[in-house]
>>> print(open('protein11.tsv').read())   # TSV, C-alpha atoms and all ligand atoms
chain	number	residue	atom	x	y	z
A	247	MET	CA	0.00	135.75	151.54
A	248	ASP	CA	-3.63	135.57	150.45
A	249	LEU	CA	-6.04	133.54	148.42
A	250	LEU	CA	-7.42	135.85	145.76
A	251	ARG	CA	-9.10	135.98	142.39
A	252	ALA	CA	-7.22	138.04	139.85
A	253	LYS	CA	-8.82	139.21	136.62
A	254	VAL	CA	-6.83	138.54	133.46
A	255	LEU	CA	-6.35	141.91	131.76
A	256	SER	CA	-4.36	140.71	128.75
A	257	ASN	CA	-2.64	137.66	127.33
A	258	GLU	CA	0.20	138.11	124.86
A	259	GLU	CA	2.26	135.32	123.29
A	260	ILE	CA	5.81	136.69	123.38
A	261	MET	CA	7.59	133.53	122.23
A	262	PRO	CA	6.34	130.12	121.07
A	263	SER	CA	4.23	128.61	123.89
A	264	THR	CA	5.16	131.49	126.20
A	265	HIS	CA	2.51	133.95	127.30
A	266	VAL	CA	2.61	137.09	129.41
A	267	LEU	CA	-0.57	137.47	131.44
A	268	ALA	CA	-1.32	140.81	133.09
A	269	LEU	CA	-3.40	140.22	136.22
A	270	ALA	CA	-5.48	142.83	138.01
A	271	SER	CA	-4.88	142.65	141.76
A	272	PRO	CA	-3.96	145.81	143.66
A	273	GLU	CA	-3.20	143.53	146.61
A	274	LEU	CA	-0.53	141.62	144.66
A	275	GLY	CA	0.72	144.86	143.14
A	276	ARG	CA	1.19	146.30	146.60
A	277	THR	CA	2.78	143.29	148.31
A	278	ALA	CA	4.62	141.22	145.68
A	279	ALA	CA	8.40	141.46	145.32
A	280	PRO	CA	10.83	140.09	142.70
A	281	GLY	CA	11.68	136.45	143.43
A	282	GLN	CA	8.28	135.67	144.91
A	283	PHE	CA	5.66	133.63	143.12
A	284	VAL	CA	1.94	132.99	142.92
A	285	HIS	CA	0.45	129.50	143.15
A	286	ILE	CA	-2.31	129.28	140.54
A	287	ARG	CA	-5.20	126.90	139.98
A	288	SER	CA	-5.02	125.67	136.40
A	289	GLY	CA	-8.76	125.45	135.82
A	290	PRO	CA	-12.21	125.03	137.27
A	291	THR	CA	-12.04	121.22	137.77
A	292	TRP	CA	-9.81	119.12	140.04
A	293	ASP	CA	-7.68	118.00	137.10
A	294	PRO	CA	-4.86	118.96	137.39
A	295	LEU	CA	-5.31	118.75	141.14
A	296	LEU	CA	-2.34	120.86	142.19
A	297	ARG	CA	-1.83	124.55	141.65
A	298	ARG	CA	1.15	125.61	139.53
A	299	PRO	CA	3.80	128.09	140.74
A	300	MET	CA	4.58	131.09	138.51
A	301	SER	CA	7.13	133.82	139.28
A	302	ILE	CA	6.22	137.45	139.56
A	303	TYR	CA	7.43	138.94	136.24
A	304	LYS	CA	6.20	142.55	136.45
A	305	ILE	CA	4.82	144.57	139.32
A	306	ARG	CA	2.40	147.46	138.80
A	307	PRO	CA	0.24	149.39	141.29
A	308	ASP	CA	-2.88	147.70	139.91
A	309	GLY	CA	-1.46	144.17	139.80
A	310	VAL	CA	1.27	141.89	138.51
A	311	SER	CA	2.18	140.03	135.34
A	312	ILE	CA	3.36	136.48	134.99
A	313	MET	CA	5.19	134.80	132.10
A	314	VAL	CA	3.92	131.28	131.50
A	315	ARG	CA	5.68	128.65	129.37
A	316	ALA	CA	3.17	125.97	128.39
A	317	ILE	CA	5.01	122.71	128.97
A	318	GLY	CA	2.31	120.42	130.37
A	319	ALA	CA	-1.37	120.27	131.24
A	320	GLY	CA	-1.40	122.86	134.03
A	321	SER	CA	0.77	125.53	132.46
A	322	THR	CA	-1.02	125.09	129.11
A	323	MET	CA	-4.37	125.81	130.78
A	324	ILE	CA	-3.02	128.89	132.58
A	325	ALA	CA	-1.33	130.15	129.39
A	326	ALA	CA	-4.67	129.86	127.57
A	327	SER	CA	-6.45	132.21	130.02
A	328	VAL	CA	-8.59	134.71	128.15
A	329	PRO	CA	-8.75	138.43	128.96
A	330	GLY	CA	-11.75	139.07	131.16
A	331	GLY	CA	-11.43	135.66	132.83
A	332	TRP	CA	-10.25	135.06	136.38
A	333	LEU	CA	-7.36	133.16	137.95
A	334	ASP	CA	-7.48	131.71	141.44
A	335	CYS	CA	-4.15	132.70	142.99
A	336	LEU	CA	-2.40	132.09	146.29
A	337	GLY	CA	0.27	134.64	146.94
A	338	PRO	CA	2.58	136.34	146.95
A	339	LEU	CA	4.59	133.40	148.27
A	340	GLY	CA	8.22	132.77	149.19
A	341	THR	CA	11.25	134.87	149.93
A	342	PRO	CA	12.16	137.65	147.51
A	343	PHE	CA	15.58	138.59	146.14
A	344	GLU	CA	17.40	141.15	148.26
A	345	LEU	CA	19.20	144.17	146.88
A	346	GLY	CA	22.12	144.89	149.19
A	347	PRO	CA	22.62	148.58	150.03
A	348	ASP	CA	26.14	148.45	148.55
A	349	SER	CA	25.31	146.38	145.49
A	350	ARG	CA	25.65	148.50	142.34
A	351	ARG	CA	26.83	146.12	139.61
A	352	LEU	CA	24.32	143.31	139.28
A	353	LEU	CA	24.90	140.20	137.22
A	354	MET	CA	21.69	138.29	136.48
A	355	VAL	CA	21.66	134.84	134.89
A	356	GLY	CA	18.43	133.29	133.66
A	357	GLY	CA	17.73	129.93	132.07
A	358	GLY	CA	14.52	129.54	130.03
A	359	TYR	CA	11.50	130.99	131.85
A	360	GLY	CA	13.86	131.68	134.77
A	361	VAL	CA	14.30	135.11	133.19
A	362	ALA	CA	10.87	136.14	134.57
A	363	PRO	CA	11.79	137.08	138.16
A	364	LEU	CA	15.04	138.67	136.96
A	365	VAL	CA	13.10	141.13	134.80
A	366	ALA	CA	11.14	142.17	137.90
A	367	LEU	CA	14.39	142.52	139.83
A	368	ALA	CA	16.03	144.59	137.09
A	369	GLU	CA	13.05	146.96	137.06
A	370	LEU	CA	13.43	147.43	140.81
A	371	ALA	CA	17.22	147.86	140.69
A	372	LEU	CA	17.67	150.29	137.80
A	373	PRO	CA	15.96	153.28	139.50
A	374	ARG	CA	18.31	152.65	142.44
A	375	ASP	CA	21.34	153.50	140.30
A	376	CYS	CA	22.36	149.90	139.75
A	377	GLU	CA	23.97	148.65	136.54
A	378	VAL	CA	22.39	145.43	135.31
A	379	VAL	CA	23.89	142.79	133.04
A	380	LEU	CA	21.32	140.14	132.16
A	381	LEU	CA	22.47	136.89	130.59
A	382	VAL	CA	19.81	134.53	129.32
A	383	GLY	CA	20.14	131.01	128.01
A	384	ALA	CA	17.66	129.21	125.78
A	385	ALA	CA	17.50	126.09	123.68
A	386	SER	CA	17.30	128.05	120.43
A	387	ALA	CA	16.69	131.56	119.02
A	388	GLN	CA	12.92	131.26	119.03
A	389	TYR	CA	12.93	130.78	122.82
A	390	VAL	CA	15.20	133.74	123.59
A	391	PHE	CA	13.44	136.36	125.69
A	392	PRO	CA	12.78	139.39	123.41
A	393	SER	CA	15.15	142.27	124.18
A	394	ALA	CA	12.37	144.76	123.32
A	395	LEU	CA	10.60	143.75	126.52
A	396	LEU	CA	13.53	144.77	128.73
A	397	PRO	CA	14.22	148.18	130.24
A	398	THR	CA	16.62	149.96	127.84
A	399	ASP	CA	19.36	150.31	130.47
A	400	VAL	CA	19.80	146.57	130.85
A	401	GLU	CA	22.91	145.18	129.13
A	402	TYR	CA	21.64	141.97	127.57
A	403	GLU	CA	23.48	138.94	126.22
A	404	VAL	CA	22.10	135.60	125.15
A	405	ALA	CA	23.35	132.07	124.68
A	406	THR	CA	21.61	129.32	122.77
A	407	VAL	CA	22.36	125.63	123.03
A	408	ASP	CA	22.03	125.14	119.26
A	409	GLY	CA	23.95	128.32	118.41
A	410	THR	CA	21.09	129.98	116.47
A	411	LEU	CA	21.52	133.25	118.41
A	412	GLY	CA	24.26	134.76	120.53
A	413	HIS	CA	26.87	132.61	122.22
A	414	HIS	CA	26.80	128.99	121.07
A	415	GLY	CA	26.65	127.06	124.31
A	416	LEU	CA	25.53	127.45	127.88
A	417	VAL	CA	24.65	130.76	129.49
A	418	THR	CA	26.99	129.96	132.38
A	419	GLU	CA	29.90	130.15	129.91
A	420	LEU	CA	28.96	133.79	129.28
A	421	ALA	CA	28.77	134.52	133.00
A	422	ALA	CA	32.49	133.93	133.58
A	423	ARG	CA	33.52	137.28	132.13
A	424	TYR	CA	31.23	139.26	134.47
A	425	LEU	CA	31.94	137.46	137.73
A	426	GLU	CA	34.75	139.79	138.83
A	427	TRP	CA	32.90	142.91	137.62
A	428	SER	CA	29.72	142.22	139.58
A	429	ASP	CA	29.20	142.90	143.23
A	430	ALA	CA	26.02	140.82	143.39
A	431	ILE	CA	24.83	137.85	141.36
A	432	TYR	CA	21.23	136.69	140.94
A	433	ALA	CA	20.16	133.59	139.03
A	434	CYS	CA	17.02	131.63	138.26
A	435	GLY	CA	16.66	128.55	136.11
A	436	PRO	CA	17.11	124.80	136.05
A	437	THR	CA	19.08	123.27	138.92
A	438	PRO	CA	22.20	122.36	136.85
A	439	MET	CA	22.47	126.01	135.74
A	440	LEU	CA	22.09	127.27	139.31
A	441	ARG	CA	24.70	124.80	140.49
A	442	ALA	CA	27.12	126.01	137.80
A	443	VAL	CA	26.56	129.64	138.82
A	444	ALA	CA	27.08	128.79	142.50
A	445	LEU	CA	30.29	126.87	141.82
A	446	ALA	CA	31.66	129.57	139.49
A	447	ALA	CA	30.98	132.25	142.11
A	448	ARG	CA	32.44	130.20	144.96
A	449	PRO	CA	36.10	131.27	144.53
A	450	LEU	CA	34.93	134.90	144.63
A	451	ALA	CA	33.13	134.34	147.88
A	452	ARG	CA	36.52	133.30	149.24
A	453	ALA	CA	38.45	136.20	147.68
A	454	GLY	CA	40.67	137.98	150.14
A	455	GLY	CA	42.50	134.96	151.49
A	456	GLY	CA	39.73	132.69	152.69
A	457	ALA	CA	39.81	133.62	156.37
A	458	VAL	CA	37.45	136.55	155.87
A	459	PRO	CA	34.88	135.59	153.24
A	460	SER	CA	33.86	138.31	150.81
A	461	THR	CA	30.37	139.68	151.24
A	462	LYS	CA	29.50	139.32	147.57
A	463	ARG	CA	25.83	138.48	147.42
A	464	VAL	CA	24.96	135.43	145.30
A	465	GLU	CA	21.25	134.59	145.33
A	466	LEU	CA	19.61	131.69	143.50
A	467	ALA	CA	15.88	131.23	142.86
A	468	MET	CA	15.09	127.51	142.73
A	469	GLU	CA	12.46	125.99	140.43
A	470	GLN	CA	11.57	122.91	142.42
A	471	ASP	CA	8.45	120.84	141.70
A	472	MET	CA	5.83	121.85	144.25
A	473	GLY	CA	2.75	120.46	145.91
A	474	CYS	CA	1.06	122.64	148.52
A	475	ALA	CA	3.43	125.67	148.39
A	476	MET	CA	2.42	126.27	152.01
A	477	GLY	CA	5.28	124.50	153.73
A	478	VAL	CA	3.28	121.40	154.67
A	479	CYS	CA	3.81	118.57	152.16
A	480	LEU	CA	7.63	118.74	151.98
A	481	ALA	CA	7.55	117.96	148.23
A	482	CYS	CA	9.93	120.81	147.52
A	483	VAL	CA	12.80	120.37	149.97
A	484	VAL	CA	16.44	121.02	149.05
A	485	LYS	CA	19.60	120.30	151.01
A	486	THR	CA	21.16	123.29	152.74
A	487	ARG	CA	23.80	123.82	155.40
A	488	ARG	CA	20.90	124.31	157.84
A	489	GLY	CA	19.38	120.94	156.88
A	490	LEU	CA	16.47	120.34	154.52
A	491	GLN	CA	14.68	123.56	153.61
A	492	ARG	CA	11.39	124.07	151.77
A	493	VAL	CA	11.72	125.95	148.50
A	494	CYS	CA	8.14	127.22	148.81
A	495	ARG	CA	8.52	128.80	152.27
A	496	ASP	CA	12.25	129.07	153.04
A	497	GLY	CA	12.96	129.93	149.37
A	498	PRO	CA	12.60	130.01	146.44
A	499	VAL	CA	15.50	132.47	146.81
A	500	PHE	CA	18.51	131.11	148.72
A	501	ARG	CA	22.00	132.49	149.28
A	502	ALA	CA	24.31	130.30	147.16
A	503	GLU	CA	26.59	129.48	150.10
A	504	GLU	CA	23.62	127.94	151.96
A	505	LEU	CA	22.90	125.29	149.35
A	506	VAL	CA	24.46	121.83	149.31
A	507	TRP	CA	24.81	120.32	145.83
A	508	GLU	CA	24.48	116.57	145.48
A	509	SER	CA	27.79	115.91	143.76
A	510	SER	CA	29.79	118.72	145.40
A	511	ALA	CA	32.32	117.98	148.08
B	1	LIG	C1	9.06	129.02	142.31
B	1	LIG	C2	8.73	128.63	140.88
B	1	LIG	C3	8.53	129.62	139.95
B	1	LIG	C4	8.19	129.27	138.63
B	1	LIG	N1	8.02	130.28	137.74
B	1	LIG	C5	7.64	129.98	136.48
B	1	LIG	C6	7.41	131.02	135.55
B	1	LIG	O1	7.55	132.22	135.84
B	1	LIG	N2	7.01	130.67	134.30
B	1	LIG	C7	6.83	129.35	133.94
B	1	LIG	O2	6.46	129.11	132.79
B	1	LIG	N3	7.07	128.36	134.79
B	1	LIG	C8	7.46	128.63	136.06
B	1	LIG	N4	7.69	127.61	136.94
B	1	LIG	C9	7.54	126.22	136.49
B	1	LIG	C10	6.07	125.85	136.40
B	1	LIG	O3	5.50	125.90	137.70
B	1	LIG	C11	5.97	124.46	135.82
B	1	LIG	O4	6.38	124.51	134.48
B	1	LIG	C12	4.55	123.97	135.87
B	1	LIG	O5	4.19	123.73	137.21
B	1	LIG	C13	4.44	122.70	135.08
B	1	LIG	O6	3.11	122.23	135.23
B	1	LIG	P1	2.39	121.50	134.02
B	1	LIG	O7	1.12	120.92	134.54
B	1	LIG	O8	2.27	122.41	132.87
B	1	LIG	O9	3.42	120.41	133.59
B	1	LIG	P2	3.57	118.94	134.19
B	1	LIG	O10	2.74	118.06	133.34
B	1	LIG	O11	3.36	118.94	135.66
B	1	LIG	O12	5.11	118.74	133.90
B	1	LIG	C14	5.67	118.70	132.60
B	1	LIG	C15	7.13	118.34	132.75
B	1	LIG	O13	7.83	119.41	133.43
B	1	LIG	C16	8.41	118.91	134.64
B	1	LIG	N5	8.18	119.94	135.66
B	1	LIG	C17	7.00	120.31	136.20
B	1	LIG	N6	7.16	121.30	137.09
B	1	LIG	C18	8.49	121.54	137.13
B	1	LIG	C19	9.30	122.43	137.86
B	1	LIG	N7	8.78	123.27	138.75
B	1	LIG	N8	10.63	122.41	137.63
B	1	LIG	C20	11.16	121.56	136.77
B	1	LIG	N9	10.45	120.69	136.05
B	1	LIG	C21	9.15	120.67	136.22
B	1	LIG	C22	7.68	117.65	134.98
B	1	LIG	O14	8.50	116.77	135.75
B	1	LIG	C23	7.37	117.10	133.61
B	1	LIG	O15	8.47	116.46	133.06
B	1	LIG	C24	8.05	127.91	138.25
B	1	LIG	C25	8.27	126.91	139.21
B	1	LIG	C26	8.60	127.27	140.51
B	1	LIG	C27	8.80	126.20	141.52
B	2	LIG	S1	5.38	122.49	148.20
B	2	LIG	FE1	4.55	121.62	150.03
B	2	LIG	S2	6.12	122.08	151.45
B	2	LIG	FE2	6.77	123.12	149.68
>>> encode(input="protein11.tsv", output="structure tokens", more="lines below")
Ligand SMILES: Cc1cc2nc3c(=O)[nH]c(=O)nc-3n(C[C@H](O)[C@H](O)[C@H](O)COP(=O)(O)OP(=O)(O)OC[C@H]3O[C@@H](n4cnc5c(N)ncnc54)[C@H](O)[C@@H]3O)c2cc1C
Ligand code: FES
Amino acid sequence: MDLLRAKVLSNEEIMPSTHVLALASPELGRTAAPGQFVHIRSGPTWDPLLRRPMSIYKIRPDGVSIMVRAIGAGSTMIAASVPGGWLDCLGPLGTPFELGPDSRRLLMVGGGYGVAPLVALAELALPRDCEVVLLVGAASAQYVFPSALLPTDVEYEVATVDGTLGHHGLVTELAARYLEWSDAIYACGPTPMLRAVALAARPLARAGGGAVPSTKRVELAMEQDMGCAMGVCLACVVKTRRGLQRVCRDGPVFRAEELVWESSA
């Protein structure tokens, strides 16, 4: 993890309010892994005071790309970065996704901008002979991640809440039909979506009678509000079977069976 200045190479709006920024940083390109994030200063002044976390979306030898959805002051400033400008980044931070040696059929579930780290993971997995099914949920068609930006070998399905594209409903409803097929599941998105994925996958983790849990890998990347992202302020803690854990340092990627959901028994 390092504090570094990354030059903005390009800025492309790929969906309304959603920009892909290519950053030049051989250091990030060399060390970043899918699931990790960079903590970025929004601008030159102290307002907003806190950095904003953005997932690693693409990894190249000369740097990384991030996908920024402008939803508030900080993300709007980062999304407006002009090519040739610089971003003050801390990273790469957090735990990455893990590809198990025996995992070949990967189910990925993304909600909103949660698709970003899954694209990086798919690009890592495909050359390793993995099959990838990517399911993405969005509010409406205009916010659906463009299929043209995915590697061609990814099988891609979408769900929209308003029914304007793909399945009319929640992305987790699409996931049901791939749960048995997959031997590893990766998800990133809002907490209710992650909870639904974890609960849907739970019976599979017990397949085989319950006494010997299956080794199916289910990994969830949490999008918790953050402060320091250095493990100090405890703004980002979540409940786990090992007690409170910091999403910024102990995550953002957690094994699903580790997490304790508020309303779950
Ligand atoms: C590990 C991690 C990876 C992330 N990756 C990406 C990414 O790849 N692309 C991307 O666009 N965004 C990503 N985010 C979310 C992004 O950091 C927030 O959208 C951003 O910090 C909001 O800052 P803001 O100043 O624009 O909005 P604010 O004015 O701070 O917030 C606007 C609204 O969004 C809510 N909000 C703010 N941050 C979060 C959050 N982290 N989770 C849920 N609600 C929030 C606030 O409560 C408020 O209602 C990630 C977050 C985390 C923790
Ligand atoms: S954001 Fe400060 S401990 Fe995680």
>>> atom_distance(input="protein11.tsv", atom1="atom N9 of ligand LIG 1 (chain B)", atom2="CA of Pro299 in chain A")
11.0 Å
>>> closest_residue(input="protein11.tsv", among="A:Thr398, A:Ser327, A:Ser301, A:Thr291", to="ligand LIG 1 (chain B)", atoms="all atoms listed in the file")
A:Ser301
>>> residues_near_ligand(input="protein11.tsv", ligand="ligand LIG 1 (chain B)", cutoff="7 Å", atoms="all atoms listed in the file", output="PyMOL selection string")
chain A and resi 283+294+298-303+312-322+359-360+362-363+436+468-472+494+498
>>> closest_atom_pairs(input="protein11.tsv", of="chain A", to="ligand LIG 2 (chain B)", cutoff="7 Å", atoms="all atoms listed in the file", output="tab-separated table")
residue	atom	partner	partner_atom	distance
A:Met472	CA	B:LIG2	S1	4.0
A:Gly473	CA	B:LIG2	S1	4.0
A:Cys474	CA	B:LIG2	FE1	3.9
A:Ala475	CA	B:LIG2	S1	3.7
A:Met476	CA	B:LIG2	FE1	5.5
A:Gly477	CA	B:LIG2	S2	3.4
A:Val478	CA	B:LIG2	S2	4.3
A:Cys479	CA	B:LIG2	FE1	3.8
A:Leu480	CA	B:LIG2	S2	3.7
A:Ala481	CA	B:LIG2	S1	5.0
A:Cys482	CA	B:LIG2	FE2	4.5
A:Val483	CA	B:LIG2	FE2	6.6
A:Arg492	CA	B:LIG2	FE2	5.2
A:Val493	CA	B:LIG2	FE2	5.8
A:Cys494	CA	B:LIG2	FE2	4.4
A:Arg495	CA	B:LIG2	FE2	6.5
>>> residues_around(input="protein11.tsv", residues="range 257-260 of chain A", least_positions_apart="6", cutoff="12 Å", atoms="only C-alpha atoms", output="PyMOL selection string")
chain A and resi 266-269+311-316+324-331+359+388-395
>>> write_last_selection(input="protein11.tsv", atoms="C-alpha atoms", output="short mmCIF file (atom, residue, chain, number, x, y, z; two decimals), in the frame of the given file")
data_model
loop_
_atom_site.label_atom_id
_atom_site.label_comp_id
_atom_site.auth_asym_id
_atom_site.auth_seq_id
_atom_site.Cartn_x
_atom_site.Cartn_y
_atom_site.Cartn_z
CA VAL A 266 2.61 137.09 129.41
CA LEU A 267 -0.57 137.47 131.44
CA ALA A 268 -1.32 140.81 133.09
CA LEU A 269 -3.40 140.22 136.22
CA SER A 311 2.18 140.03 135.34
CA ILE A 312 3.36 136.48 134.99
CA MET A 313 5.19 134.80 132.10
CA VAL A 314 3.92 131.28 131.50
CA ARG A 315 5.68 128.65 129.37
CA ALA A 316 3.17 125.97 128.39
CA ILE A 324 -3.02 128.89 132.58
CA ALA A 325 -1.33 130.15 129.39
CA ALA A 326 -4.67 129.86 127.57
CA SER A 327 -6.45 132.21 130.02
CA VAL A 328 -8.59 134.71 128.15
CA PRO A 329 -8.75 138.43 128.96
CA GLY A 330 -11.75 139.07 131.16
CA GLY A 331 -11.43 135.66 132.83
CA TYR A 359 11.50 130.99 131.85
CA GLN A 388 12.92 131.26 119.03
CA TYR A 389 12.93 130.78 122.82
CA VAL A 390 15.20 133.74 123.59
CA PHE A 391 13.44 136.36 125.69
CA PRO A 392 12.78 139.39 123.41
CA SER A 393 15.15 142.27 124.18
CA ALA A 394 12.37 144.76 123.32
CA LEU A 395 10.60 143.75 126.52
#
>>> closest_residue(input="protein11.tsv", among="A:Thr437, A:Leu295, A:Leu353, A:Pro262", to="Glu403 in chain A", atoms="only C-alpha atoms")
A:Leu353
